[in-house]
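> Handing over protein-v6.csv, CSV, C-alpha atoms.
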chain,number,residue,atom,x,y,z
A,1,MET,CA,-90.9,-50.0,8.1
A,2,SER,CA,-93.1,-47.8,5.9
A,3,GLN,CA,-91.2,-44.7,7.1
A,4,MET,CA,-87.9,-46.4,6.2
A,5,ASN,CA,-89.3,-47.2,2.8
A,6,LYS,CA,-90.0,-43.5,2.1
A,7,MET,CA,-86.4,-42.6,2.8
A,8,MET,CA,-84.9,-45.8,1.3
A,9,ASN,CA,-81.3,-45.6,-0.1
A,10,CYS,CA,-78.7,-48.3,-0.7
A,11,LYS,CA,-77.4,-48.4,2.8
A,12,ASP,CA,-80.9,-48.6,4.4
A,13,TYR,CA,-82.0,-51.2,1.9
A,14,LYS,CA,-79.0,-53.4,2.5
A,15,GLU,CA,-79.3,-53.1,6.2
A,16,ALA,CA,-82.9,-54.0,6.2
A,17,LEU,CA,-82.4,-56.9,3.8
A,18,THR,CA,-79.5,-58.3,5.8
A,19,ALA,CA,-81.6,-58.3,8.9
A,20,ASP,CA,-84.6,-59.8,7.2
A,21,PRO,CA,-84.3,-61.2,3.6
A,22,GLY,CA,-88.1,-61.1,3.5
A,23,PHE,CA,-88.0,-57.4,3.7
A,24,GLU,CA,-90.2,-55.8,1.1
A,25,ASP,CA,-89.0,-52.6,-0.5
A,26,GLU,CA,-92.2,-50.6,-0.9
A,27,SER,CA,-90.2,-47.5,-2.0
A,28,GLY,CA,-89.3,-49.1,-5.3
A,29,HIS,CA,-85.6,-48.3,-4.7
A,30,VAL,CA,-84.3,-51.8,-5.5
A,31,ASP,CA,-86.1,-51.8,-8.9
A,32,SER,CA,-83.9,-49.0,-10.1
A,33,CYS,CA,-80.6,-50.0,-8.3
A,34,ALA,CA,-78.4,-52.6,-9.8
A,35,SER,CA,-76.2,-52.7,-6.8
A,36,CYS,CA,-79.1,-53.5,-4.5
A,37,GLN,CA,-80.5,-56.1,-6.8
A,38,ALA,CA,-77.1,-57.8,-6.8
A,39,TYR,CA,-77.0,-57.6,-3.0
A,40,SER,CA,-80.5,-59.0,-2.7
A,41,ALA,CA,-79.5,-62.0,-4.8
A,42,GLU,CA,-76.4,-62.5,-2.8
A,43,ILE,CA,-78.3,-62.4,0.6
A,44,LEU,CA,-81.0,-64.7,-0.7
A,45,ALA,CA,-78.4,-67.2,-1.9
A,46,LEU,CA,-76.6,-67.0,1.4
A,47,ASP,CA,-79.9,-67.6,3.3
A,48,GLU,CA,-80.5,-70.7,1.2
A,49,LYS,CA,-77.1,-72.0,2.2
A,50,ILE,CA,-77.7,-71.1,5.9
A,51,ALA,CA,-80.9,-73.0,5.8
A,52,ALA,CA,-79.2,-76.0,4.3
A,53,ALA,CA,-76.4,-75.8,6.8
A,54,MET,CA,-78.9,-75.6,9.7
A,55,ALA,CA,-80.9,-78.6,8.5
A,56,ILE,CA,-79.0,-81.2,10.6
A,57,ASP,CA,-80.0,-84.8,10.5
A,58,VAL,CA,-82.6,-85.8,13.0
A,59,PRO,CA,-82.6,-89.3,14.5
A,60,VAL,CA,-85.2,-91.8,13.4
A,61,LEU,CA,-88.6,-90.8,14.8
A,62,THR,CA,-90.6,-93.3,16.8
A,63,MET,CA,-93.8,-92.5,18.7
A,64,PRO,CA,-93.3,-93.1,22.4
A,65,ASP,CA,-95.7,-94.4,25.0
A,66,LEU,CA,-96.5,-91.2,26.6
A,67,PRO,CA,-96.7,-91.4,30.4
A,68,ASN,CA,-99.8,-90.8,32.3
A,69,ILE,CA,-100.2,-87.2,33.2
A,70,ASP,CA,-99.0,-87.6,36.7
A,71,THR,CA,-96.0,-85.6,37.8
A,72,GLU,CA,-95.0,-88.4,40.3
A,73,LYS,CA,-94.5,-90.8,37.5
A,74,VAL,CA,-92.1,-88.5,35.5
A,75,VAL,CA,-88.6,-89.9,35.7
A,76,PRO,CA,-86.0,-87.2,36.4
A,77,LEU,CA,-83.8,-86.2,33.5
A,78,ILE,CA,-80.6,-87.4,35.1
A,79,ALA,CA,-82.1,-90.9,35.7
A,80,ARG,CA,-83.2,-91.1,32.1
A,81,ARG,CA,-79.8,-90.2,30.8
A,82,SER,CA,-78.4,-93.3,32.4
A,83,MET,CA,-80.9,-95.5,30.6
A,84,PRO,CA,-80.4,-96.8,27.1
A,85,LYS,CA,-81.6,-94.0,24.9
A,86,PRO,CA,-84.6,-94.8,22.8
A,87,ALA,CA,-85.0,-92.8,19.7
A,88,TRP,CA,-88.4,-91.5,20.7
A,89,PHE,CA,-87.1,-88.2,21.9
A,90,ALA,CA,-86.9,-87.0,18.3
A,91,LEU,CA,-90.4,-87.6,17.5
A,92,ALA,CA,-91.8,-85.0,15.1
A,93,ALA,CA,-93.4,-82.0,16.6
A,94,THR,CA,-96.1,-82.4,14.1
A,95,VAL,CA,-97.0,-85.8,15.5
A,96,LEU,CA,-97.0,-84.4,19.0
A,97,LEU,CA,-99.2,-81.6,18.0
A,98,ALA,CA,-101.7,-83.9,16.6
A,99,VAL,CA,-101.7,-85.8,19.9
A,100,PHE,CA,-102.0,-82.6,21.8
A,101,VAL,CA,-105.0,-81.4,19.8
A,102,GLY,CA,-106.6,-84.8,20.1
A,103,ILE,CA,-106.3,-84.9,23.9
A,104,ARG,CA,-107.1,-81.3,24.7
A,105,THR,CA,-110.0,-82.4,26.8
A,106,SER,CA,-107.8,-84.3,29.2
A,107,ASP,CA,-108.4,-83.6,32.9
A,108,MET,CA,-105.0,-82.8,34.4
A,109,GLY,CA,-106.1,-82.7,38.0
A,110,ALA,CA,-104.7,-80.5,40.7
A,111,PRO,CA,-100.9,-80.7,41.2
A,112,SER,CA,-99.4,-81.6,44.5
A,113,GLY,CA,-96.8,-79.7,46.6
A,114,THR,CA,-96.7,-76.6,48.7
A,115,LEU,CA,-98.5,-73.5,47.6
A,116,ALA,CA,-95.1,-72.0,46.7
A,117,GLU,CA,-94.2,-75.0,44.6
A,118,GLN,CA,-97.6,-75.0,42.9
A,119,VAL,CA,-97.2,-71.3,42.1
A,120,LEU,CA,-93.8,-71.7,40.5
A,121,ALA,CA,-94.9,-74.8,38.6
A,122,HIS,CA,-97.9,-73.0,37.3
A,123,VAL,CA,-95.8,-70.1,36.0
A,124,ASP,CA,-93.4,-72.5,34.5
A,125,HIS,CA,-96.1,-74.5,32.7
A,126,GLU,CA,-97.8,-71.5,31.2
A,127,PRO,CA,-95.0,-69.9,29.3
A,128,MET,CA,-97.1,-68.5,26.5
A,129,ALA,CA,-98.5,-66.0,29.1
A,130,LEU,CA,-95.1,-64.4,29.3
A,131,ARG,CA,-95.1,-62.5,26.1
A,132,VAL,CA,-93.5,-59.1,25.8
A,133,THR,CA,-96.3,-57.0,24.4
A,134,SER,CA,-97.8,-53.6,24.7
A,135,VAL,CA,-101.4,-54.8,24.1
A,136,SER,CA,-103.5,-54.6,27.2
A,137,VAL,CA,-106.4,-57.0,27.9
A,138,THR,CA,-109.8,-55.4,27.7
A,139,ASP,CA,-111.7,-54.2,30.7
A,140,ALA,CA,-114.3,-56.9,29.8
A,141,ARG,CA,-111.7,-59.6,29.8
A,142,LEU,CA,-110.3,-58.4,33.1
A,143,ALA,CA,-113.8,-58.3,34.6
A,144,GLU,CA,-114.5,-61.8,33.3
A,145,VAL,CA,-111.3,-63.2,34.9
A,146,VAL,CA,-111.6,-61.1,38.1
A,147,PRO,CA,-115.3,-61.1,38.8
A,148,ASP,CA,-116.9,-58.6,41.2
A,149,ASN,CA,-117.7,-61.3,43.7
A,150,LEU,CA,-114.1,-62.2,44.0
A,151,ALA,CA,-112.2,-58.9,44.0
A,152,GLU,CA,-112.1,-55.5,42.6
A,153,MET,CA,-109.1,-54.7,40.5
A,154,ASN,CA,-108.1,-51.7,38.5
A,155,HIS,CA,-105.3,-51.1,36.0
A,156,ASP,CA,-103.0,-49.4,38.5
A,157,ALA,CA,-100.9,-52.5,38.9
A,158,GLY,CA,-99.5,-51.9,35.5
A,159,LEU,CA,-100.1,-52.8,31.9
A,160,ILE,CA,-102.1,-56.1,32.1
A,161,THR,CA,-101.4,-58.1,29.0
A,162,TYR,CA,-102.7,-61.5,30.0
A,163,ALA,CA,-105.8,-62.6,32.1
A,164,GLN,CA,-106.9,-66.2,32.4
A,165,SER,CA,-108.7,-68.3,35.0
A,166,CYS,CA,-106.5,-71.1,36.2
A,167,ILE,CA,-106.5,-73.8,38.7
A,168,ILE,CA,-104.3,-73.7,41.9
A,169,ASN,CA,-104.9,-76.1,44.7
A,170,GLY,CA,-108.0,-77.3,42.9
A,171,LYS,CA,-109.6,-73.8,42.9
A,172,SER,CA,-110.1,-71.4,40.0
A,173,ILE,CA,-108.0,-68.3,40.4
A,174,PRO,CA,-107.2,-65.2,38.3
A,175,HIS,CA,-103.8,-65.5,36.5
A,176,LEU,CA,-102.7,-62.1,35.3
A,177,VAL,CA,-99.5,-60.8,33.7
A,178,ILE,CA,-98.3,-57.2,33.7
A,179,GLN,CA,-95.3,-55.8,31.8
A,180,GLY,CA,-92.4,-55.0,34.2
A,181,GLU,CA,-89.2,-53.2,33.4
A,182,TYR,CA,-87.4,-56.4,32.7
A,183,GLY,CA,-90.2,-58.4,31.1
A,184,PRO,CA,-93.5,-59.9,32.0
A,185,VAL,CA,-94.5,-60.2,35.7
A,186,THR,CA,-97.0,-62.9,36.8
A,187,ILE,CA,-99.7,-62.1,39.4
A,188,LEU,CA,-101.8,-64.8,40.8
A,189,LEU,CA,-104.8,-63.7,42.9
A,190,LEU,CA,-105.3,-66.4,45.6
A,191,PRO,CA,-108.4,-65.3,47.6
A,192,ASP,CA,-108.7,-68.7,49.4
A,193,GLU,CA,-105.0,-69.2,50.1
A,194,LYS,CA,-104.3,-67.7,53.5
A,195,VAL,CA,-100.6,-67.4,54.4
A,196,ASP,CA,-99.2,-66.1,57.7
A,197,ALA,CA,-96.3,-64.2,56.3
A,198,ALA,CA,-94.7,-63.2,53.0
A,199,THR,CA,-93.1,-66.3,51.3
A,200,THR,CA,-90.2,-65.9,49.0
A,201,LEU,CA,-90.3,-67.8,45.7
A,202,ASP,CA,-87.0,-68.8,44.1
A,203,GLY,CA,-87.2,-70.5,40.7
A,204,VAL,CA,-85.0,-71.0,37.7
A,205,ASN,CA,-84.3,-67.4,36.5
A,206,ILE,CA,-87.4,-66.2,38.3
A,207,GLN,CA,-88.0,-64.8,41.7
A,208,GLY,CA,-91.2,-63.8,43.5
A,209,VAL,CA,-93.2,-63.6,46.7
A,210,ILE,CA,-96.5,-64.7,48.0
A,211,LEU,CA,-98.0,-61.8,50.0
A,212,PRO,CA,-100.6,-62.3,52.7
A,213,VAL,CA,-103.6,-60.1,51.8
A,214,GLY,CA,-106.6,-60.4,54.2
A,215,ASN,CA,-107.9,-64.0,54.2
A,216,GLY,CA,-106.1,-64.8,51.0
A,217,SER,CA,-102.8,-64.0,49.3
A,218,ILE,CA,-101.3,-62.7,46.1
A,219,ALA,CA,-98.3,-64.2,44.3
A,220,ILE,CA,-96.0,-62.0,42.3
A,221,ILE,CA,-93.3,-63.5,40.1
A,222,GLY,CA,-90.9,-61.8,37.8
A,223,SER,CA,-87.4,-62.2,36.4
A,224,ARG,CA,-84.4,-62.0,38.7
A,225,GLU,CA,-83.6,-58.5,37.4
A,226,GLU,CA,-87.1,-57.2,38.1
A,227,GLN,CA,-87.5,-54.8,41.1
A,228,LEU,CA,-90.6,-56.3,42.6
A,229,ASP,CA,-91.0,-53.9,45.6
A,230,ARG,CA,-92.6,-51.2,43.5
A,231,ILE,CA,-94.7,-53.7,41.6
A,232,LYS,CA,-95.8,-55.3,44.9
A,233,GLN,CA,-97.1,-52.0,46.2
A,234,ASN,CA,-98.9,-51.2,43.0
A,235,VAL,CA,-100.5,-54.6,43.0
A,236,LEU,CA,-101.6,-54.4,46.6
A,237,ASP,CA,-103.1,-50.9,46.0
A,238,SER,CA,-105.0,-52.1,42.9
A,239,VAL,CA,-106.7,-55.2,44.4
A,240,THR,CA,-109.4,-55.4,47.0
A,241,TRP,CA,-111.1,-58.7,48.0
A,242,SER,CA,-114.8,-58.6,47.7
A,243,THR,CA,-115.4,-60.9,50.7
N,244,MET,CA,-87.8,-82.2,13.7
N,245,ASP,CA,-88.2,-78.4,14.4
N,246,MET,CA,-87.9,-78.9,18.1
N,247,PHE,CA,-84.9,-81.1,17.8
N,248,ARG,CA,-83.0,-78.8,15.4
N,249,TYR,CA,-83.9,-75.7,17.5
N,250,ALA,CA,-82.6,-77.4,20.6
N,251,ALA,CA,-79.5,-78.7,18.8
N,252,TRP,CA,-78.6,-75.2,17.6
N,253,LEU,CA,-79.4,-73.7,21.0
N,254,SER,CA,-77.2,-76.1,22.9
N,255,ARG,CA,-74.7,-76.8,20.1
N,256,ASP,CA,-74.7,-80.4,21.2
N,257,LYS,CA,-76.9,-83.2,19.8
N,258,SER,CA,-76.8,-85.2,23.0
N,259,ILE,CA,-78.0,-82.3,25.1
N,260,ALA,CA,-80.6,-81.5,22.5
N,261,GLU,CA,-82.0,-85.0,22.9
N,262,ASP,CA,-82.3,-84.6,26.6
N,263,VAL,CA,-83.8,-81.1,26.2
N,264,VAL,CA,-86.4,-82.2,23.7
N,265,GLN,CA,-87.3,-85.2,25.8
N,266,GLU,CA,-87.8,-83.1,28.9
N,267,ALA,CA,-89.6,-80.4,27.0
N,268,LEU,CA,-92.1,-83.0,25.5
N,269,LEU,CA,-92.8,-84.4,29.0
N,270,ARG,CA,-93.3,-80.9,30.4
N,271,ALA,CA,-95.6,-80.0,27.5
N,272,TRP,CA,-97.5,-83.2,28.0
N,273,LYS,CA,-98.0,-82.5,31.7
N,274,SER,CA,-99.1,-78.9,31.1
N,275,LEU,CA,-101.3,-79.6,28.2
N,276,ASP,CA,-104.1,-77.7,29.9
N,277,ALA,CA,-102.1,-74.5,29.5
N,278,LEU,CA,-102.5,-74.7,25.7
N,279,ARG,CA,-105.7,-73.0,25.1
N,280,ASP,CA,-105.1,-71.9,21.5
N,281,ASP,CA,-104.2,-74.7,19.1
N,282,ALA,CA,-102.6,-72.2,16.7
N,283,ALA,CA,-100.1,-71.2,19.5
N,284,ALA,CA,-98.9,-74.8,19.9
N,285,LYS,CA,-95.6,-74.3,18.0
N,286,PRO,CA,-94.4,-71.2,19.7
N,287,TRP,CA,-95.6,-72.7,23.0
N,288,LEU,CA,-93.5,-75.8,22.4
N,289,LEU,CA,-90.5,-73.8,21.3
N,290,THR,CA,-90.8,-71.6,24.4
N,291,ILE,CA,-90.7,-74.8,26.5
N,292,VAL,CA,-87.7,-76.1,24.6
N,293,ARG,CA,-85.9,-72.7,25.2
N,294,ARG,CA,-86.6,-72.8,28.9
N,295,GLU,CA,-85.5,-76.4,29.2
N,296,ASN,CA,-82.3,-75.6,27.5
N,297,ALA,CA,-81.6,-72.7,29.9
N,298,ARG,CA,-82.6,-74.9,32.8
N,299,TYR,CA,-80.3,-77.7,31.6
N,300,PHE,CA,-77.3,-75.5,31.4
N,301,GLU,CA,-78.1,-73.8,34.7
N,302,ARG,CA,-78.6,-77.1,36.5
N,303,ARG,CA,-75.2,-78.4,35.3
N,304,ARG,CA,-73.4,-75.1,35.5
N,305,LEU,CA,-72.1,-75.9,32.0
N,306,GLU,CA,-69.4,-73.7,30.6
N,307,THR,CA,-69.6,-72.1,27.2
N,308,VAL,CA,-68.6,-74.5,24.4
N,309,ASP,CA,-64.9,-74.6,23.9
N,310,ILE,CA,-64.6,-74.5,20.1
N,311,ASP,CA,-61.1,-76.0,20.1
N,312,ASN,CA,-62.0,-78.9,22.3
N,313,LEU,CA,-65.3,-80.2,21.2
N,314,THR,CA,-66.9,-83.3,22.7
N,315,ALA,CA,-68.0,-86.1,20.4
N,316,SER,CA,-71.7,-85.0,20.6
N,317,GLN,CA,-70.7,-81.4,19.9
N,318,SER,CA,-68.6,-82.5,16.9
N,319,ALA,CA,-71.5,-84.6,15.7
N,320,LEU,CA,-73.4,-81.5,14.9
N,321,LEU,CA,-70.7,-80.4,12.5
N,322,ALA,CA,-69.9,-83.8,11.0
N,323,GLU,CA,-72.8,-84.3,8.6
N,324,ALA,CA,-72.6,-81.5,6.1
N,325,PRO,CA,-72.8,-82.9,2.5
N,326,ASN,CA,-70.1,-80.7,1.1
N,327,GLU,CA,-67.2,-78.5,2.2
N,328,GLU,CA,-69.0,-75.2,1.6
N,329,LEU,CA,-71.9,-76.2,3.8
N,330,ASN,CA,-69.5,-77.6,6.3
N,331,ASP,CA,-67.7,-74.3,6.6
N,332,LEU,CA,-70.9,-72.4,6.9
N,333,ARG,CA,-72.2,-74.8,9.6
N,334,GLN,CA,-69.0,-74.3,11.5
N,335,ALA,CA,-69.4,-70.5,11.2
N,336,ILE,CA,-73.0,-70.8,12.5
N,337,TYR,CA,-71.8,-73.0,15.3
N,338,GLU,CA,-69.3,-70.3,16.3
N,339,LEU,CA,-71.7,-67.4,16.3
N,340,ASP,CA,-72.5,-66.0,19.7
N,341,ASP,CA,-75.6,-67.5,21.3
N,342,ASP,CA,-77.3,-64.0,21.0
N,343,TYR,CA,-76.9,-64.0,17.3
N,344,ARG,CA,-77.3,-67.7,16.5
N,345,GLU,CA,-80.7,-68.2,18.2
N,346,PRO,CA,-82.6,-65.4,16.3
N,347,LEU,CA,-81.1,-66.6,13.1
N,348,VAL,CA,-82.2,-70.2,13.7
N,349,LEU,CA,-85.7,-69.0,14.5
N,350,GLN,CA,-85.9,-66.9,11.4
N,351,VAL,CA,-84.2,-69.2,8.8
N,352,LEU,CA,-85.2,-72.6,10.2
N,353,MET,CA,-88.5,-71.9,11.9
N,354,GLY,CA,-89.7,-69.2,9.6
N,355,TYR,CA,-90.4,-66.8,12.4
N,356,SER,CA,-91.0,-63.1,11.8
N,357,THR,CA,-88.7,-60.6,13.6
N,358,ASN,CA,-91.7,-59.7,15.7
N,359,GLU,CA,-92.3,-63.3,16.7
N,360,ILE,CA,-88.7,-63.7,17.5
N,361,ALA,CA,-88.8,-60.6,19.7
N,362,GLU,CA,-91.8,-62.0,21.6
N,363,LEU,CA,-90.2,-65.4,22.1
N,364,MET,CA,-86.8,-64.0,23.2
N,365,GLY,CA,-88.3,-61.1,25.3
N,366,LEU,CA,-86.5,-58.5,23.2
N,367,LYS,CA,-87.4,-55.4,21.3
N,368,GLN,CA,-87.9,-55.9,17.6
N,369,GLY,CA,-85.0,-53.5,16.9
N,370,ALA,CA,-82.6,-55.6,19.0
N,371,VAL,CA,-83.6,-58.6,17.0
N,372,LEU,CA,-83.0,-56.8,13.7
N,373,THR,CA,-79.6,-55.7,14.9
N,374,ARG,CA,-78.6,-59.2,15.9
N,375,LEU,CA,-79.9,-60.7,12.7
N,376,HIS,CA,-78.0,-58.1,10.7
N,377,ARG,CA,-74.8,-58.8,12.5
N,378,ALA,CA,-75.2,-62.6,12.3
N,379,ARG,CA,-75.6,-62.5,8.5
N,380,LEU,CA,-72.8,-60.1,8.0
N,381,LYS,CA,-70.6,-62.4,10.1
N,382,LEU,CA,-71.6,-65.4,8.0
N,383,LYS,CA,-71.2,-63.5,4.8
N,384,GLU,CA,-67.7,-62.5,5.7
N,385,GLU,CA,-66.8,-66.0,6.7
N,386,ALA,CA,-68.2,-67.3,3.4
N,387,ALA,CA,-66.2,-64.7,1.5
N,388,SER,CA,-63.0,-65.5,3.3
N,389,GLU,CA,-63.5,-69.3,2.7
N,390,GLU,CA,-63.9,-68.6,-1.0
N,391,LEU,CA,-60.7,-66.6,-1.0
N,392,SER,CA,-58.7,-69.2,0.8
For this file, write the structure as structure tokens.

Amino acid sequence: MSQMNKMMNCKDYKEALTADPGFEDESGHVDSCASCQAYSAEILALDEKIAAAMAIDVPVLTMPDLPNIDTEKVVPLIARRSMPKPAWFALAATVLLAVFVGIRTSDMGAPSGTLAEQVLAHVDHEPMALRVTSVSVTDARLAEVVPDNLAEMNHDAGLITYAQSCIINGKSIPHLVIQGEYGPVTILLLPDEKVDAATTLDGVNIQGVILPVGNGSIAIIGSREEQLDRIKQNVLDSVTWST
Amino acid sequence: MDMFRYAAWLSRDKSIAEDVVQEALLRAWKSLDALRDDAAAKPWLLTIVRRENARYFERRRLETVDIDNLTASQSALLAEAPNEELNDLRQAIYELDDDYREPLVLQVLMGYSTNEIAELMGLKQGAVLTRLHRARLKLKEEAASEELS
């Protein structure tokens, strides 16, 4: 935006302000332009009205009895719709956050289901890993998550933007994310999960595969638009099990 | 409140928003171990709400909202404005394309920066700026035409 500020004129200023009323004109253009000052006031007033229009009433908030963290006890959405609707659904996010923070130490246990189901569930439950970003994890971070005694991995798989040790089938595994052409692509290294053949993964808006690799496997999951074949080869070329 | 309002403007239906938020809270609760940075809790929750909304519509193969034939719960979203001006504006927001309405809700209601919106929606920042620009122009035109009429 600094480059835009150097060249600021009325058109540029109004476009920038319309897209983002918080835009700060560092060029000083608006200070000497009555037209842009008037436009700024108009957009800010409009935004106040937009905010007021968006502030719809929220039902009365009541704290629910949260269920045990056990997937088998979660009632399917369709079943809940048919029940009398309590007002708890609208509990304030702030209250929930406080609960979250207070119970961060909870032991969630290993999920049940097939390996494919667990992989899809894990991707689904860790959405914050799927950020579109150009910032790579450091070599030190990658080495921490993919230790030498587990595998050797280089950066040839792609731009690795997330690396975290996670639990699948009760075992700690490296959860990595690279940036694909159509968004983030998840890679789970599963050195202890031997599969006989490639297993196709089919989730909501996502697709993937679990590939047999030596005595383990590697899961690769991306958006439906993503061409995974090229990524698969790059990943296979970049990973070597240590044992 | 943020979760509910975000879900309501995503789905344009208060009843669906209730279900989406309910489901999102349960999913968040079950996957609490995925939240490793407390500061990321809000975007994490909103991401879950966003996914639940997409999942809800995909699961039911719901059609796009028919503006001329709103259901009771869709109309409920529009029926609460305290004055006519806000009511008209709320209607205009309601009628914005999903691609324009969502970033506007995130920016105005949630206080997200354009960079944060880009990350949440999986877009380039330029695309977000374009959508926000068009959304506001559309609302500005609607507001002006309402004043004239």
> I want to know what sits within 8 Å of Met54 of chain A, based on only C-alpha atoms, with residues of the same chain fewer than 3 positions away left out; could you give that as number ranges by chain?
A: 50-51; N: 248, 252, 333, 348, 352
> Against chain A, which residues of chain N fall within 8 Å? For each one I want the closest pair of atoms and the distance in Å (one decimal), counting all atoms listed in the file, rows by chain and increasing residue number, as a tab-separated table.

residue	atom	partner	partner_atom	distance
N:Met244	CA	A:Ala92	CA	5.1
N:Asp245	CA	A:Ala93	CA	6.7
N:Met246	CA	A:Ala93	CA	6.5
N:Phe247	CA	A:Ala90	CA	6.2
N:Arg248	CA	A:Ile56	CA	6.7
N:Trp252	CA	A:Met54	CA	7.9
N:Glu261	CA	A:Phe89	CA	6.1
N:Asp262	CA	A:Leu77	CA	7.2
N:Val264	CA	A:Phe89	CA	6.3
N:Gln265	CA	A:Phe89	CA	4.9
N:Glu266	CA	A:Leu77	CA	6.8
N:Leu269	CA	A:Val74	CA	7.7
N:Arg270	CA	A:His125	CA	7.4
N:Ala271	CA	A:His125	CA	7.6
N:Trp272	CA	A:Ile69	CA	7.1
N:Lys273	CA	A:Ile69	CA	5.4
N:Ser274	CA	A:His125	CA	5.6
N:Leu275	CA	A:Arg104	CA	7.0
N:Asp276	CA	A:Met108	CA	6.9
N:Ala277	CA	A:Glu126	CA	5.5
N:Leu278	CA	A:Glu126	CA	7.9
N:Asp281	CA	A:Val101	CA	6.8
N:Ala284	CA	A:Leu97	CA	7.1
N:Pro286	CA	A:Met128	CA	7.8
N:Trp287	CA	A:Met128	CA	5.7
N:Thr290	CA	A:Pro127	CA	6.7
N:Ile291	CA	A:Pro127	CA	7.1
N:Arg298	CA	A:Val204	CA	6.7
N:Leu320	CA	A:Ile56	CA	7.1
N:Glu323	CA	A:Ile56	CA	7.2
N:Ala324	CA	A:Ala53	CA	6.9
N:Leu329	CA	A:Ala53	CA	5.4
N:Asn330	CA	A:Ala53	CA	7.1
N:Leu332	CA	A:Ala53	CA	6.5
N:Arg333	CA	A:Ala53	CA	5.1
N:Val348	CA	A:Met54	CA	7.5
N:Val351	CA	A:Ala51	CA	5.9
N:Leu352	CA	A:Ala51	CA	6.2
N:Thr357	CA	A:Asp20	CA	7.6
N:Ala361	CA	A:Val132	CA	7.8
N:Glu362	CA	A:Val132	CA	5.4
N:Leu363	CA	A:Arg131	CA	7.0
N:Gly365	CA	A:Val132	CA	5.6
N:Leu366	CA	A:Val132	CA	7.5
N:Leu372	CA	A:Ala19	CA	5.2
N:Thr373	CA	A:Ala19	CA	6.8
N:Arg374	CA	A:Ala19	CA	7.7
N:Leu375	CA	A:Ala19	CA	4.8
N:His376	CA	A:Ala19	CA	4.0
N:Arg377	CA	A:Ala19	CA	7.7
N:Arg379	CA	A:Thr18	CA	6.3
N:Leu380	CA	A:Thr18	CA	7.3
N:Lys383	CA	A:Leu46	CA	7.3
> Any idea what's packed within 9 Å of Gly214 of chain A, counting only C-alpha atoms, ignoring anything in its chain fewer than 3 positions away? Could you give it as a tab-separated table (two decimals) with C-alpha atoms, in the frame of the given file?

chain	number	residue	atom	x	y	z
A	191	PRO	CA	-108.40	-65.30	47.60
A	194	LYS	CA	-104.30	-67.70	53.50
A	217	SER	CA	-102.80	-64.00	49.30
A	241	TRP	CA	-111.10	-58.70	48.00
> Out of A:Met153, A:Pro212, A:Ala197, A:Thr114, which residue has the shortest atom-to-atom distance to Ile168 of chain A when counting only C-alpha atoms?
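Closest to Ile168 of chain A of all the choices is A:Thr114.
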> Atom CA of Lys11 of chain A and atom CA of Cys36 of chain A are how many Å apart?
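Between these atoms lies a distance of 9.1 Å.
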> So that I can check the surroundings of Leu289 of chain N, please list as a ChimeraX atom specification every protein, DNA and RNA residue that reaches within 8 Å of it, counting only C-alpha atoms and ignoring chain neighbours fewer than 4 positions away.
/N:246,249,285,293
> Would you mind exporting C-alpha atoms of the selected residues as a PDB file, in the frame of the given file?

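Below you can see selection_7.pdb, which holds the result:
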ATOM      1  CA  MET N 246     -87.900 -78.900  18.100  1.00  0.00           C
ATOM      2  CA  TYR N 249     -83.900 -75.700  17.500  1.00  0.00           C
ATOM      3  CA  LYS N 285     -95.600 -74.300  18.000  1.00  0.00           C
ATOM      4  CA  ARG N 293     -85.900 -72.700  25.200  1.00  0.00           C
TER       5      ARG N 293
END
> What is the distance between atom CA of Leu150 of chain A and atom CA of Thr243 of chain A, in Å to one decimal?
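Separation of atom CA of Leu150 of chain A and atom CA of Thr243 of chain A: 6.9 Å.
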> So the first atom is atom CA of Asp340 of chain N and the second is atom CA of Arg224 of chain A; what is the distance between them in Å, to one decimal place?
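Spanning atom CA of Asp340 of chain N to atom CA of Arg224 of chain A is a straight-line distance of 22.8 Å.
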> Find the residues around Lys381 of chain N up to 10 Å (all atoms listed in the file counted), leave out those fewer than 5 positions away in its own chain, and share them as an MDAnalysis selection string.
chainID N and resid 335:336 339 343 375:376 386:387
> Will you model N, CA and C atoms for segment 294-300 of chain N and pass it back as a PDB file, in the frame of the given file?

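That gives us result-v5.pdb:
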ATOM      1  N   ARG N 294     -86.746 -72.840  27.443  1.00  0.00           N
ATOM      2  CA  ARG N 294     -86.600 -72.800  28.900  1.00  0.00           C
ATOM      3  C   ARG N 294     -85.871 -74.083  29.390  1.00  0.00           C
ATOM      4  N   GLU N 295     -86.187 -75.196  28.775  1.00  0.00           N
ATOM      5  CA  GLU N 295     -85.500 -76.400  29.200  1.00  0.00           C
ATOM      6  C   GLU N 295     -84.025 -76.362  28.897  1.00  0.00           C
ATOM      7  N   ASN N 296     -83.688 -75.753  27.784  1.00  0.00           N
ATOM      8  CA  ASN N 296     -82.300 -75.600  27.500  1.00  0.00           C
ATOM      9  C   ASN N 296     -81.570 -74.742  28.512  1.00  0.00           C
ATOM     10  N   ALA N 297     -82.192 -73.612  28.859  1.00  0.00           N
ATOM     11  CA  ALA N 297     -81.600 -72.700  29.900  1.00  0.00           C
ATOM     12  C   ALA N 297     -81.513 -73.462  31.217  1.00  0.00           C
ATOM     13  N   ARG N 298     -82.560 -74.199  31.512  1.00  0.00           N
ATOM     14  CA  ARG N 298     -82.600 -74.900  32.800  1.00  0.00           C
ATOM     15  C   ARG N 298     -81.496 -76.010  32.801  1.00  0.00           C
ATOM     16  N   TYR N 299     -81.315 -76.661  31.659  1.00  0.00           N
ATOM     17  CA  TYR N 299     -80.300 -77.700  31.600  1.00  0.00           C
ATOM     18  C   TYR N 299     -78.924 -77.149  31.860  1.00  0.00           C
ATOM     19  N   PHE N 300     -78.612 -76.042  31.223  1.00  0.00           N
ATOM     20  CA  PHE N 300     -77.300 -75.500  31.400  1.00  0.00           C
ATOM     21  C   PHE N 300     -77.102 -74.911  32.809  1.00  0.00           C
TER      22      PHE N 300
END
